[in-house]
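See below for the structure under consideration.
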Amino acid sequence: MRDEDGLLLVGYRAVAPWIVPAPRDDPLLPPRVLTMSDHLVDPVPDDDTWFASAEAAVALTRHTTETTARVMAMGVHERDADDVIGLRLTLDTDQLCLNENVRTPWPARLYVLGYELIGIEACGFHSWLCYGEVASWAHRTLGLQLNSHGLVNSPADAKRLGEAAEEPGSGLPPIPWVAAAIAVADQ
């Protein structure tokens, strides 16, 4: 079974990599991290913009001065989709807009680079990396290493991380945490 089996496409965003600032310099993070969180990066053209197709996002980034922005795809596993949709509706946020009626399978042409742990909140979602030196905590607690993109390597490790994040003492807020697949879509 491939890691992409069972993934549903959330959507596309144009984002630049997050450059980890020196005060939050975690030795387990690479200098540049791929993230979909608008709390760490500024999506193009703005924080609320998601695209239904990679082509629409690519067309927009061709006409912007932000040259480091890449079109990224995000997906969640079908077992998490109902929870994500339910939380989105309960919190009345327009982010993480899986189409509630048509579940779009993960495009076979997209290679998953890794998994970002996202916490779903009323403001949309946060990356787990928004909360300080959590990569070091994950390494100490679970033995996890992040890959060269700053992402968790496997869905199984991302699930373990999500479960640990919801435990008291994790240093992360007590919100629902979900593993989100991340891929570059403009190649």
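Chain lettering (A, B, ...) mirrors the order of the structure tokens, residue numbering begins at 1 for each chain separately, and ligand numbering begins at 1 in order of display.
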
Skip A:Thr35 itself and residues of its chain fewer than 3 positions away, then list as a list in words all residues within 8 Å of it, counting only C-alpha atoms.
Val15, Pro17, Trp18, Leu40, Val41, Glu116, Ser127 and Ile182 of chain A

Stretch 144-153 of chain A: which residues within 7 Å, counting only C-alpha atoms, same-chain residues fewer than 3 positions away excluded, as a PyMOL selection string?
chain A and resi 28-30+32-34+114-116+138-139+157-158

Closest of A:Tyr12, A:Pro31, A:Ser37, A:Asp83 to A:Ala52 - atom-to-atom distances counting only C-alpha atoms
A:Tyr12

Once DSSP has gone over the backbone, tell me which residues of chain A are in helix (DSSP H, G or I), as an MDAnalysis selection string.
chainID A and resid 22:24 54:62 78:91 128:130 134:142 155:165

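Using only C-alpha atoms, the nearest neighbour of A:Thr141 within the list A:Pro176, A:Gly169, A:Gly11, A:Pro43 is A:Gly169.
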
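Atom pair atom CA of A:Asp80 / atom CA of A:Pro174 has a distance of 17.5 Å (rounded to one decimal).
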
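Taking only C-alpha atoms, the non-local environment of A:Ala183 within 9 Å (same-chain residues fewer than 5 positions away omitted) comprises Val71, Met72, Ala73, Met74, Gly75, Leu110, Tyr111, Val112, Leu113 and Gly114 of chain A.
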
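Each of A:Leu9, A:Ala57, A:Ala180, A:Val134 was checked against A:Val44 using only C-alpha atoms; the smallest atom-to-atom distance is that of A:Ala57.
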
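The nearest approach to A:Glu163 among the residues A:Ala135, A:Arg70, A:His126, A:Gly119, with only C-alpha atoms taken into account, belongs to A:Gly119.
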
Please list as a PDB file with C-alpha atoms, in the first residue's frame every residue within 12 Å of A:Arg109, counting only C-alpha atoms and excluding residues in the same chain fewer than 3 positions away.
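Here's the written file out26.pdb:
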ATOM      1  CA  GLU A   4      -1.138   8.141  -0.692  1.00  0.00           C
ATOM      2  CA  ALA A  54      -2.963  23.341  -9.227  1.00  0.00           C
ATOM      3  CA  ALA A  73      -1.153  20.538  -2.225  1.00  0.00           C
ATOM      4  CA  PRO A 105      -8.960  11.498  -4.326  1.00  0.00           C
ATOM      5  CA  TRP A 106      -5.331  12.534  -3.968  1.00  0.00           C
ATOM      6  CA  VAL A 112       3.807  13.210  -0.800  1.00  0.00           C
ATOM      7  CA  ALA A 183       3.239  17.879  -1.844  1.00  0.00           C
ATOM      8  CA  VAL A 184       4.702  20.393  -4.280  1.00  0.00           C
ATOM      9  CA  ALA A 185       2.206  20.716  -7.132  1.00  0.00           C
ATOM     10  CA  ASP A 186       3.870  23.123  -9.558  1.00  0.00           C
ATOM     11  CA  GLN A 187       6.584  20.832 -10.900  1.00  0.00           C
TER      12      GLN A 187
END

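Each of A:Val76, A:Ala22, A:Ala59, A:Ala14 was compared to A:Asp42 using only C-alpha atoms, and A:Ala14 turns out to be the nearest.
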
Got a sec to tell me which of stretch 3-169 of chain A DSSP assigns to strand (DSSP E or B), as a VMD selection string?
chain A and resid 7 to 15 18 to 19 32 to 33 44 51 70 to 77 105 114 to 121 124 to 127 146 152

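Each of A:Trp177, A:Leu8, A:His77, A:Cys130 was checked against A:Pro155 using only C-alpha atoms; the smallest atom-to-atom distance is that of A:His77.
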